[in-house]
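Text of target.txt, listed as compact mmCIF, C-alpha atoms:
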```
# COMPACT_ATOMS: atom_id res chain seq x y z
CA MET A 1 4.14 -1.01 16.89
CA LYS A 2 5.08 -4.27 15.18
CA LEU A 3 7.43 -4.22 12.24
CA LEU A 4 4.78 -5.76 10.00
CA GLU A 5 2.57 -2.77 10.71
CA GLN A 6 5.34 -0.47 9.49
CA VAL A 7 5.78 -2.09 6.07
CA THR A 8 5.36 0.43 3.25
CA SER A 9 5.00 -0.01 -0.49
CA GLY A 10 5.72 2.02 -3.60
CA ARG A 11 8.67 4.20 -4.44
CA SER A 12 10.21 6.67 -1.99
CA PRO A 13 12.20 9.19 -4.05
CA ALA A 14 14.86 11.11 -2.14
CA PRO A 15 17.58 13.63 -3.07
CA ARG A 16 20.26 11.97 -5.17
CA ARG A 17 23.74 10.98 -4.03
CA VAL A 18 25.94 11.39 -7.09
CA MET A 19 29.63 10.73 -7.65
CA LEU A 20 31.08 12.20 -10.84
CA TYR A 21 34.65 11.28 -11.65
CA GLY A 22 36.78 11.86 -14.72
CA THR A 23 39.94 13.32 -16.15
CA HIS A 24 41.09 16.78 -15.09
CA GLY A 25 39.67 19.79 -16.89
CA ILE A 26 36.74 17.98 -18.47
CA GLY A 27 34.02 19.99 -16.70
CA LYS A 28 33.14 18.10 -13.51
CA SER A 29 32.85 21.22 -11.36
CA THR A 30 30.91 23.02 -14.08
CA PHE A 31 28.43 20.13 -14.13
CA ALA A 32 27.98 20.37 -10.35
CA SER A 33 27.62 24.16 -10.41
CA SER A 34 24.46 23.71 -12.48
CA ALA A 35 22.74 21.68 -9.75
CA PRO A 36 19.92 23.36 -7.77
CA LYS A 37 21.37 26.09 -5.54
CA PRO A 38 24.74 24.42 -4.88
CA VAL A 39 27.37 25.27 -2.31
CA PHE A 40 30.87 23.83 -2.67
CA VAL A 41 33.04 22.38 0.06
CA GLN A 42 36.32 22.88 -1.77
CA THR A 43 39.27 20.78 -0.72
CA GLU A 44 41.35 21.87 -3.70
CA ASP A 45 41.89 25.33 -5.14
CA GLY A 46 40.32 25.26 -8.59
CA LEU A 47 36.99 27.08 -8.60
CA GLY A 48 38.29 30.52 -9.46
CA GLU A 49 36.83 30.53 -12.97
CA ILE A 50 33.41 29.20 -11.98
CA ASP A 51 30.64 31.44 -10.66
CA CYS A 52 29.50 29.48 -7.60
CA ASP A 53 29.02 29.74 -3.84
CA LYS A 54 31.79 28.04 -1.91
CA PHE A 55 33.22 27.68 1.57
CA PRO A 56 36.81 28.85 2.13
CA LEU A 57 39.43 26.37 0.98
CA THR A 58 39.33 23.44 3.39
CA THR A 59 42.72 22.52 4.84
CA SER A 60 41.70 19.97 7.47
CA LEU A 61 39.08 17.31 7.99
CA ASP A 62 37.75 19.29 10.97
CA GLN A 63 37.02 22.25 8.69
CA ALA A 64 35.14 20.00 6.28
CA MET A 65 33.07 18.52 9.11
CA THR A 66 32.33 22.03 10.42
CA ALA A 67 30.97 23.01 7.00
CA LEU A 68 28.58 20.04 7.11
CA SER A 69 27.58 20.89 10.68
CA GLU A 70 26.74 24.50 9.85
CA LEU A 71 24.71 23.48 6.81
CA TYR A 72 22.77 21.17 9.11
CA THR A 73 22.15 23.58 12.00
CA ASP A 74 21.94 27.00 10.33
CA LYS A 75 19.32 28.41 7.96
CA HIS A 76 20.52 28.80 4.38
CA PRO A 77 19.17 28.76 0.81
CA TYR A 78 21.30 25.88 -0.48
CA ARG A 79 19.75 22.72 -1.91
CA THR A 80 22.84 20.87 -3.09
CA ILE A 81 26.17 20.25 -1.39
CA VAL A 82 29.16 19.62 -3.65
CA VAL A 83 32.43 18.14 -2.37
CA ASP A 84 35.24 19.09 -4.73
CA SER A 85 37.16 16.87 -4.65
CA LEU A 86 37.09 13.49 -2.91
CA ASP A 87 40.71 12.63 -3.65
CA TRP A 88 41.91 15.84 -1.98
CA LEU A 89 39.53 15.19 0.92
CA GLU A 90 41.17 11.78 1.25
CA ARG A 91 44.50 13.49 1.88
CA LEU A 92 42.92 15.43 4.74
CA ILE A 93 41.50 12.19 6.14
CA TRP A 94 44.91 10.55 5.95
CA ALA A 95 46.43 13.54 7.73
CA GLU A 96 43.85 13.15 10.51
CA VAL A 97 44.67 9.45 10.83
CA CYS A 98 48.37 10.31 11.09
CA ARG A 99 47.68 12.95 13.74
CA LYS A 100 45.67 10.52 15.86
CA ARG A 101 48.27 7.75 15.47
CA ASN A 102 51.22 10.11 15.90
CA VAL A 103 52.93 9.08 12.65
CA GLU A 104 54.26 11.13 9.76
CA SER A 105 52.78 9.06 6.94
CA ILE A 106 49.82 6.73 6.69
CA GLU A 107 52.25 4.19 5.26
CA ASP A 108 54.04 4.18 8.63
CA ILE A 109 51.07 2.28 10.09
CA GLY A 110 51.93 -1.36 9.54
CA TYR A 111 50.11 -3.92 7.44
CA ALA A 112 48.24 -1.16 5.51
CA LYS A 113 46.00 -0.68 8.56
CA GLY A 114 46.14 3.08 8.13
CA TYR A 115 43.76 2.83 5.18
CA VAL A 116 41.39 0.73 7.29
CA PHE A 117 41.51 3.32 10.07
CA ALA A 118 40.71 6.00 7.48
CA LEU A 119 37.37 4.32 6.79
CA THR A 120 36.17 5.51 10.20
CA GLN A 121 36.66 9.14 9.12
CA TRP A 122 35.08 8.44 5.75
CA ARG A 123 31.99 6.96 7.40
CA GLU A 124 31.69 9.94 9.76
CA PHE A 125 31.82 12.27 6.78
CA LEU A 126 29.18 10.24 4.93
CA GLU A 127 26.99 10.29 8.04
CA GLY A 128 27.14 14.09 7.91
CA LEU A 129 26.18 14.08 4.24
CA SER A 130 23.34 11.63 4.97
CA ALA A 131 21.98 13.96 7.65
CA LEU A 132 21.93 16.85 5.15
CA ARG A 133 20.15 14.64 2.64
CA ASN A 134 17.63 13.04 4.99
CA VAL A 135 16.83 15.98 7.26
CA LYS A 136 17.61 19.06 5.16
CA GLY A 137 16.59 17.56 1.83
CA MET A 138 19.88 18.39 0.12
CA MET A 139 21.23 16.63 -2.93
CA VAL A 140 24.85 15.45 -2.66
CA VAL A 141 27.34 15.69 -5.54
CA LEU A 142 30.82 14.25 -5.00
CA ILE A 143 33.57 15.05 -7.49
CA ALA A 144 36.69 12.95 -8.00
CA HIS A 145 39.51 12.65 -10.49
CA ALA A 146 40.14 9.44 -12.40
CA ARG A 147 43.06 7.06 -12.55
CA ILE A 148 43.78 3.87 -14.44
CA GLU A 149 44.09 0.63 -12.48
CA ARG A 150 44.89 -2.92 -13.44
CA PHE A 151 41.78 -5.02 -12.85
CA GLU A 152 42.28 -8.69 -12.04
CA ASN A 153 39.12 -10.22 -13.47
CA PRO A 154 38.77 -13.88 -12.42
CA GLU A 155 36.76 -14.63 -15.57
CA THR A 156 39.14 -13.10 -18.13
CA GLU A 157 42.69 -11.89 -18.55
CA SER A 158 43.59 -8.77 -16.58
CA TYR A 159 42.90 -5.38 -18.17
CA ASP A 160 43.10 -1.66 -17.42
CA ARG A 161 40.10 0.43 -16.48
CA TYR A 162 39.26 3.91 -15.18
CA VAL A 163 38.33 4.22 -11.51
CA PRO A 164 38.01 7.12 -9.02
CA ARG A 165 41.42 8.27 -7.80
CA LEU A 166 40.89 6.97 -4.27
CA HIS A 167 42.26 4.16 -2.17
CA ARG A 168 40.49 0.94 -3.06
CA LEU A 169 38.78 0.53 0.34
CA ALA A 170 37.46 4.08 0.43
CA SER A 171 36.35 3.89 -3.19
CA GLN A 172 34.26 0.79 -2.47
CA VAL A 173 32.51 2.46 0.48
CA LEU A 174 31.76 5.64 -1.48
CA GLN A 175 30.52 3.82 -4.56
CA GLU A 176 28.16 1.71 -2.47
CA TRP A 177 26.81 4.82 -0.72
CA CYS A 178 26.08 6.73 -3.91
CA ASP A 179 23.00 6.30 -6.06
CA GLU A 180 24.90 7.17 -9.22
CA VAL A 181 28.57 6.77 -10.07
CA LEU A 182 29.15 8.59 -13.35
CA PHE A 183 32.31 8.59 -15.45
CA ALA A 184 33.02 11.79 -17.40
CA THR A 185 35.18 11.44 -20.49
CA PHE A 186 35.68 12.68 -24.03
CA LYS A 187 33.96 10.97 -26.91
CA VAL A 188 36.58 9.10 -28.94
CA TYR A 189 36.18 7.53 -32.36
CA THR A 190 38.65 5.17 -33.98
CA LYS A 191 39.76 5.08 -37.60
CA GLN A 192 41.65 2.26 -39.26
CA THR A 193 43.97 2.81 -42.19
CA ASP A 194 45.60 0.16 -44.35
CA GLU A 195 49.38 0.53 -44.38
CA GLY A 196 49.94 -2.41 -46.72
CA PHE A 197 51.61 -5.75 -46.12
CA ASN A 198 48.53 -6.84 -44.14
CA ARG A 199 49.16 -4.15 -41.55
CA LYS A 200 46.49 -1.78 -40.25
CA ARG A 201 46.91 1.28 -38.05
CA THR A 202 44.20 2.34 -35.60
CA GLN A 203 44.01 6.04 -34.83
CA GLY A 204 41.93 7.68 -32.09
CA ILE A 205 40.00 10.76 -33.16
CA GLY A 206 38.46 13.18 -30.68
CA THR A 207 35.89 15.88 -31.38
CA GLY A 208 36.03 17.48 -27.92
CA GLU A 209 32.55 16.18 -27.11
CA ARG A 210 32.18 15.60 -23.37
CA ILE A 211 30.01 12.68 -22.26
CA ILE A 212 28.99 10.70 -19.17
CA ARG A 213 29.12 6.92 -18.97
CA THR A 214 26.45 5.64 -16.59
CA VAL A 215 26.86 1.84 -16.76
CA GLU A 216 29.90 -0.20 -15.77
CA ARG A 217 31.95 -1.56 -18.64
CA PRO A 218 35.44 -3.13 -18.81
CA ALA A 219 36.95 0.32 -19.46
CA HIS A 220 35.43 2.04 -16.40
CA VAL A 221 33.37 1.64 -13.23
CA ALA A 222 29.91 3.25 -13.14
CA LYS A 223 26.39 2.62 -11.91
CA ASN A 224 23.00 4.26 -11.74
CA ARG A 225 19.63 3.56 -10.14
CA LEU A 226 17.59 5.65 -12.56
CA ASN A 227 17.76 3.48 -15.68
CA LEU A 228 19.80 6.20 -17.36
CA PRO A 229 20.96 5.92 -20.95
CA GLU A 230 24.36 4.27 -21.10
CA GLU A 231 25.83 7.45 -22.57
CA MET A 232 24.73 11.04 -21.95
CA PRO A 233 26.08 14.54 -22.60
CA LEU A 234 28.11 15.97 -19.71
CA ASP A 235 25.35 18.42 -18.95
CA TRP A 236 23.28 18.84 -15.80
CA ASP A 237 20.04 19.39 -17.68
CA ALA A 238 20.49 16.08 -19.53
CA TYR A 239 20.89 14.29 -16.19
CA SER A 240 18.12 16.12 -14.33
CA GLN A 241 15.54 15.16 -16.95
CA HIS A 242 15.70 11.62 -15.58
CA LEU A 243 15.08 12.55 -11.95
CA THR A 244 11.71 11.47 -10.60
CA ASN A 245 9.43 13.89 -8.79
CA GLY A 246 10.63 14.30 -5.23
CA SER A 247 14.02 12.71 -5.85
CA SER A 248 15.67 16.11 -5.94
CA PRO A 249 14.80 19.79 -5.94
CA PRO A 250 13.64 20.94 -9.37
CA PRO A 251 16.42 22.20 -11.67
CA GLN A 252 17.13 25.90 -11.23
CA GLY A 253 19.30 26.50 -14.28
CA GLY A 254 23.00 26.42 -13.51
CA ARG A 255 25.74 28.95 -13.44
CA ASN A 256 28.57 27.50 -15.40
CA LYS A 257 31.03 30.20 -16.28
CA GLY A 258 34.29 28.47 -17.05
CA VAL A 259 35.17 24.82 -17.21
CA LYS A 260 37.00 22.66 -14.70
```

Structure re-expressed in structure tokens:
Amino acid sequence: MKLLEQVTSGRSPAPRRVMLYGTHGIGKSTFASSAPKPVFVQTEDGLGEIDCDKFPLTTSLDQAMTALSELYTDKHPYRTIVVDSLDWLERLIWAEVCRKRNVESIEDIGYAKGYVFALTQWREFLEGLSALRNVKGMMVVLIAHARIERFENPETESYDRYVPRLHRLASQVLQEWCDEVLFATFKVYTKQTDEGFNRKRTQGIGTGERIIRTVERPAHVAKNRLNLPEEMPLDWDAYSQHLTNGSSPPPQGGRNKGVK
């Protein structure tokens, strides 16, 4: 059949590929636990206070790949796979690179090539997630912590911004793969007070309100393909309202006992 005969039109909704990153303890895992029938691949020990289904703590990349393989080949009720967290998975990937290269540290591989070699393992892991999404119809939620980096913007002076706590090369690959990259943070207001002598003091005021930023701004990286509001509550139901029919399993009502 010719390629022209295979051209399709219209939208083709599919299960979402979501990365949620933010500061520790803000509620990233709680957000993911409210997704439709989730199962966690936990690479860090921090789900004890959340009522969720999870694989045993993953201590090697091979164990993480085995979890993906069993979700692909075996029958199960799960509709969402959650990786918690990417930055701890990256350590397992680095350890695998070191094992294959027979070095103690990824830094021992000259010219920063170790991080390039790690992309092979990252792509294999993403291929496994893609198979679960495309064949098994599972949504993918990837959780990461945040760090502050200095961004060298060629159009302005350099400035700091929040990014996922991953090596730059891996972060680029993961962000491109995901449909949404969401930044979880606390809502902060500022208040200026006049101290006299033409001096003003700016004070940050927090209410404890947790929000998601969905669009990239100088202070953080983010993206979305759903035309989401620029700011949303850090709540699964608020996000799922914007999913189109067929783009994910319908919301089931989460189990979010505890906050991480």

Separation of CA of Ile50 in chain A from CA of Ser34 in chain A, in Å and rounded to one decimal: 10.5 Å

Close residues, range 45-48 of chain A itself excluded, 12 Å, only C-alpha atoms, min 6 positions apart in chain, as a list of chain:residue names: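 These residues fall inside the cut-off: A:His24, A:Gly25, A:Gly27, A:Lys28, A:Ser29, A:Thr30, A:Ala32, A:Ser33, A:Val39, A:Lys54, A:Phe55, A:Pro56, A:Leu57, A:Thr58, A:Thr59, A:Val82, A:Val83, A:Asp84, A:Ser85, A:Trp88, A:Asn256, A:Lys257, A:Gly258, A:Val259, A:Lys260.
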
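Our summary of the geometry notes that CA of Phe186 in chain A is positioned 8.0 Å from CA of Thr207 in chain A.
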
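Of note, CA of Lys223 in chain A and CA of Asn134 in chain A are spaced 21.7 Å apart.
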
All residues 9 Å or closer to Phe125 in chain A, all atoms listed in the file, same chain fewer than 4 positions away omitted, as a compact mmCIF listing (two decimals) with C-alpha atoms, in the frame of the given file:
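This is the output file result_18.txt:
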```txt
# COMPACT_ATOMS: atom_id res chain seq x y z
CA LEU A 61 39.08 17.31 7.99
CA ALA A 64 35.14 20.00 6.28
CA MET A 65 33.07 18.52 9.11
CA LEU A 68 28.58 20.04 7.11
CA THR A 120 36.17 5.51 10.20
CA GLN A 121 36.66 9.14 9.12
CA LEU A 129 26.18 14.08 4.24
CA SER A 130 23.34 11.63 4.97
```

Pull the closest atom pair for each residue of range 136-190 of chain A that gets at most 12 Å from range 75-78 of chain A, along with the distance in Å to one decimal, counting only C-alpha atoms, ordering rows by chain and then ascending residue number, as a tab-separated table.
```
residue	atom	partner	partner_atom	distance
A:Lys136	CA	A:Tyr78	CA	9.6
A:Gly137	CA	A:Tyr78	CA	9.8
A:Met138	CA	A:Tyr78	CA	7.6
A:Met139	CA	A:Tyr78	CA	9.6
A:Val140	CA	A:Tyr78	CA	11.2
```
